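One structure is given below, encoded as structure tokens.
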Amino acid sequence: MTATDPIRVAIVGVGKIARDQHLPSIAGNPAFELAATVSRSGGIDGVPNFATVEALLEARPDIGALSLCQPPQFRYDAAAKALSARRHLMLEKPPGATVGEVQALQALAARNGVTLFATWHSRFAAAVQPARQWLADRVLRRVTVTWKEDVRLWHPGQAWIWQPGGLGVFDPGINALSIVTAILPQPLRLVGAVLEFPAGREAPIAAHLDFAGAGGLVATADFDWRQTGPQTWDIEVETDAGVLTLAMGGARMAVDGRPVVAGDDREYAGIYSRFAGLIGRGASDVDLAPLVQVADAFMLGRRKVVEAFED
Ligand code: NAP
């Protein structure tokens with residue numbers, strides 16, 4: 001193997017996000033070659049499949065990296081085994097079911113001298129870096145996050161998302177928090193929350209969050225899965241120099257209503273480029289800030305039981 005050979009990567013959990021985004025992004029990046037899958041349901045035609053991560057690690061020492069694309073509750077054991085076998089590792093968002101397990105993986109990656117990349121795909125949306133730069137030297141007054149989508153449309157038949165650790169409406173909501181924690185020049189701390197749990201469900205269908213920052217900055221976030229019709233993934237930041245708006249999940253940016261950025265969806269291409277760069281530099285990228293805000297909401301939030309919801 002030479003320095004320019006592609007990194008052989010395996011996908012673990014061949015579901016919606018693996019098929020929609022990981023497979024095309026790996027195929028489009030010469031730094032990687034899809035070498036295998038770990039799938040309970042059969043994997044991909046023409047690609048060697050293993051029933052377990054242990055079997056793959058044992059049989060394929062040539063595979064240098066794994067992308068874990070299962071739901072968050074089912075990743076830790078596979079992640080710990082891969083890092084202990086000195087393979088580089090990419091985690092889908094959210095990086096785990098608890099803050100503590102991701103910290104444990106971070107320590108394991110460091111001990112084994114391999115890359116751990118806890119991805120936040122929304123941070124690779126086209127307008128996120130321009131927004132961060134525009135906000136860098138502004139005085140911030142208010143941040144308003146509105147993230148409302150139709151769970152039946154985006155998560156049909158996904159039982160895990162309603163189970164403990166599946167995060168409910170925070171599964172999309174954490175994408176908004178991953179953008180906010182990336183673009184603001186100062187941290188926000190959660191000061192209050194209301195979580196709405198449908199009767200008989202173990203995860204919230206809606207949430208309202210209140211945050212505070214330095215200098216009187218206030219922020220709110222409203223997440224709701226009961227939205228039908230147009231979907232809303234917006235962030236508005238009021239500053240001393242105008243109002244910055246991010247729309248379409250960070251793909252578009254406007255200032256005082258004037259469009260500044262309108263980009264294509266290249267989030268996962270950006271993720272795989274960064275993974276290759278991190279591996280090349282021997283670095284890791286694990287930012288727990290969005291997961292900590294969600295954990296804080298579960299710790300501090302008042303719980304309301306609302307009308308039962310059927311998929
Ligand atoms: P999914 O399709 O419901 O599940 C992904 C795959 O994980 C399944 O097809 C299955 O693959 C494996 N899996 C499911 N349950 C498992 C279990 N109990 N134990 C072990 N493996 C299991 O989920 P998804 O929508 O791809 O989401 C996966 C992750 O990606 C989540 O963290 C989600 O937040 C994130 N994500 C999803 C989207 C999206 O649009 N759906 C977008 C961005 C990020 P096999 O049958 O191959 O084993």
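Starting from 1 in every chain, residues are counted up; chains themselves are A, B, ... following the order of the structure tokens, and ligands are numbered from 1 as listed.
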Can I get the residues of chain A within 8 Å of ligand 1, each with the closest pair of atoms and their distance in Å to one decimal, using only C-alpha atoms and all ligand atoms, sorted chain first then ascending number, as a Markdown table?
| residue | atom | partner | partner_atom_place_in_ligand_line | distance |
| --- | --- | --- | --- | --- |
| A:Val12 | CA | ligand 1 | 47 (O) | 6.7 |
| A:Gly13 | CA | ligand 1 | 11 (O) | 3.5 |
| A:Val14 | CA | ligand 1 | 47 (O) | 3.6 |
| A:Gly15 | CA | ligand 1 | 9 (O) | 3.1 |
| A:Lys16 | CA | ligand 1 | 26 (O) | 3.7 |
| A:Ile17 | CA | ligand 1 | 26 (O) | 3.8 |
| A:Ala18 | CA | ligand 1 | 26 (O) | 5.8 |
| A:Arg19 | CA | ligand 1 | 26 (O) | 7.8 |
| A:Asp20 | CA | ligand 1 | 40 (O) | 7.6 |
| A:Thr37 | CA | ligand 1 | 47 (O) | 7.8 |
| A:Val38 | CA | ligand 1 | 47 (O) | 6.4 |
| A:Ser39 | CA | ligand 1 | 47 (O) | 3.4 |
| A:Arg40 | CA | ligand 1 | 48 (O) | 3.8 |
| A:Ser41 | CA | ligand 1 | 46 (O) | 4.0 |
| A:Gly42 | CA | ligand 1 | 47 (O) | 6.4 |
| A:Gly43 | CA | ligand 1 | 47 (O) | 5.6 |
| A:Cys69 | CA | ligand 1 | 28 (C) | 5.1 |
| A:Gln70 | CA | ligand 1 | 7 (O) | 3.4 |
| A:Pro71 | CA | ligand 1 | 32 (O) | 4.3 |
| A:Pro72 | CA | ligand 1 | 32 (O) | 5.0 |
| A:Gln73 | CA | ligand 1 | 18 (N) | 7.7 |
| A:Phe74 | CA | ligand 1 | 19 (N) | 5.0 |
| A:Arg75 | CA | ligand 1 | 20 (C) | 7.4 |
| A:Glu92 | CA | ligand 1 | 30 (O) | 5.3 |
| A:Lys93 | CA | ligand 1 | 32 (O) | 5.0 |
| A:Pro94 | CA | ligand 1 | 32 (O) | 5.5 |
| A:Pro95 | CA | ligand 1 | 32 (O) | 7.4 |
| A:His121 | CA | ligand 1 | 43 (C) | 6.9 |
| A:Trp154 | CA | ligand 1 | 40 (O) | 6.6 |
| A:His155 | CA | ligand 1 | 41 (N) | 6.6 |
| A:Gly157 | CA | ligand 1 | 3 (O) | 7.7 |
| A:Gln158 | CA | ligand 1 | 3 (O) | 5.0 |
| A:Ala159 | CA | ligand 1 | 3 (O) | 7.6 |
| A:Trp160 | CA | ligand 1 | 15 (N) | 7.1 |
| A:Gly166 | CA | ligand 1 | 32 (O) | 7.9 |
| A:Asp171 | CA | ligand 1 | 34 (O) | 5.5 |
| A:Pro172 | CA | ligand 1 | 34 (O) | 7.2 |
*segment 147-257 of chain A: which residues are strand (DSSP E) by DSSP, as number ranges by chain?*
A: 147-148, 189-198, 206-212, 218-224, 232-239, 242-247, 252-255
*Mind checking which residues fall within 12 Å of Gly46 of chain A, counting only C-alpha atoms, ignoring those fewer than 5 positions away in the same chain, and posting them as a VMD selection string?*
chain A and resid 34 to 37
Once you count only C-alpha atoms, what closest atom pair and distance in Å to one decimal does each residue of segment 44-145 of chain A within 12 Å of segment 244-249 of chain A have, with rows by chain and rising residue number, as JSON lines?
{"residue": "A:His121", "atom": "CA", "partner": "A:Gly249", "partner_atom": "CA", "distance": 10.3}
{"residue": "A:Ser122", "atom": "CA", "partner": "A:Gly249", "partner_atom": "CA", "distance": 6.9}
{"residue": "A:Arg123", "atom": "CA", "partner": "A:Gly249", "partner_atom": "CA", "distance": 9.4}
{"residue": "A:Phe124", "atom": "CA", "partner": "A:Gly249", "partner_atom": "CA", "distance": 10.2}
{"residue": "A:Ala125", "atom": "CA", "partner": "A:Gly249", "partner_atom": "CA", "distance": 7.3}
{"residue": "A:Ala126", "atom": "CA", "partner": "A:Gly249", "partner_atom": "CA", "distance": 9.5}
{"residue": "A:Ala127", "atom": "CA", "partner": "A:Leu246", "partner_atom": "CA", "distance": 7.2}
{"residue": "A:Val128", "atom": "CA", "partner": "A:Leu246", "partner_atom": "CA", "distance": 8.1}
{"residue": "A:Gln129", "atom": "CA", "partner": "A:Leu246", "partner_atom": "CA", "distance": 11.3}
{"residue": "A:Pro130", "atom": "CA", "partner": "A:Leu246", "partner_atom": "CA", "distance": 10.3}
{"residue": "A:Ala131", "atom": "CA", "partner": "A:Leu244", "partner_atom": "CA", "distance": 7.7}
{"residue": "A:Arg132", "atom": "CA", "partner": "A:Leu244", "partner_atom": "CA", "distance": 10.5}
{"residue": "A:Gln133", "atom": "CA", "partner": "A:Leu244", "partner_atom": "CA", "distance": 11.6}
{"residue": "A:Trp134", "atom": "CA", "partner": "A:Leu244", "partner_atom": "CA", "distance": 8.6}
{"residue": "A:Leu135", "atom": "CA", "partner": "A:Leu244", "partner_atom": "CA", "distance": 8.4}
{"residue": "A:Arg138", "atom": "CA", "partner": "A:Leu244", "partner_atom": "CA", "distance": 10.7}
{"residue": "A:Leu140", "atom": "CA", "partner": "A:Leu244", "partner_atom": "CA", "distance": 10.4}
{"residue": "A:Arg141", "atom": "CA", "partner": "A:Leu244", "partner_atom": "CA", "distance": 11.5}
{"residue": "A:Arg142", "atom": "CA", "partner": "A:Leu244", "partner_atom": "CA", "distance": 10.6}
{"residue": "A:Val143", "atom": "CA", "partner": "A:Leu244", "partner_atom": "CA", "distance": 9.5}
{"residue": "A:Thr144", "atom": "CA", "partner": "A:Thr245", "partner_atom": "CA", "distance": 9.5}
{"residue": "A:Val145", "atom": "CA", "partner": "A:Leu246", "partner_atom": "CA", "distance": 9.5}
*Between A:Thr4, A:Thr220, A:Ser284, A:Thr239, which one has atoms that come closest to Leu108 of chain A, using only C-alpha atoms?*
A:Ser284
Exercise: Ala297 of chain A partners within 9 Å, only C-alpha atoms, chain neighbours under 5 positions left out, as a PDB file with C-alpha atoms, in the first residue's frame:
ATOM      1  CA  LEU A 190     -29.670  26.044  28.565  1.00  0.00           C
ATOM      2  CA  VAL A 191     -31.789  27.756  31.234  1.00  0.00           C
ATOM      3  CA  GLY A 192     -35.178  26.129  30.701  1.00  0.00           C
ATOM      4  CA  ALA A 193     -37.075  23.657  28.548  1.00  0.00           C
ATOM      5  CA  VAL A 194     -40.484  22.123  28.027  1.00  0.00           C
ATOM      6  CA  LEU A 195     -40.590  18.676  26.417  1.00  0.00           C
ATOM      7  CA  ALA A 207     -39.642  20.835  22.609  1.00  0.00           C
ATOM      8  CA  LEU A 209     -35.750  25.477  24.790  1.00  0.00           C
ATOM      9  CA  VAL A 292     -24.623  18.364  25.990  1.00  0.00           C
ATOM     10  CA  ARG A 302     -40.452  20.119  32.323  1.00  0.00           C
TER      11      ARG A 302
END
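Here the question is which of A:Asp285, A:Ala221, A:Ala65, A:Trp120 gets nearest to Glu267 of chain A using only C-alpha atoms, and that residue is A:Trp120.
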*Rank nothing, just name the residue among A:Asp210, A:Asp311, A:Glu202, A:Glu238 nearest to Gln163 of chain A, using only C-alpha atoms.*
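Distance minimum relative to Gln163 of chain A lands on A:Glu202.
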*asked:* I'd like the neighbourhood of Ala104 of chain A as a PyMOL selection string, where a residue qualifies if any of its atoms comes within 10 Å (using only C-alpha atoms), though same-chain residues fewer than 4 positions away should be ignored.
replied: chain A and resi 76+80+99-100+108-109
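Distance-wise, atom CA of Asp265 of chain A and atom CA of Leu68 of chain A end up 21.2 Å apart.
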*asked:* Show me, as a PyMOL selection string, the residues that have an atom within 6 Å of Val305 of chain A when counting only C-alpha atoms, minus same-chain residues fewer than 4 positions from it.
replied: chain A and resi 196-199
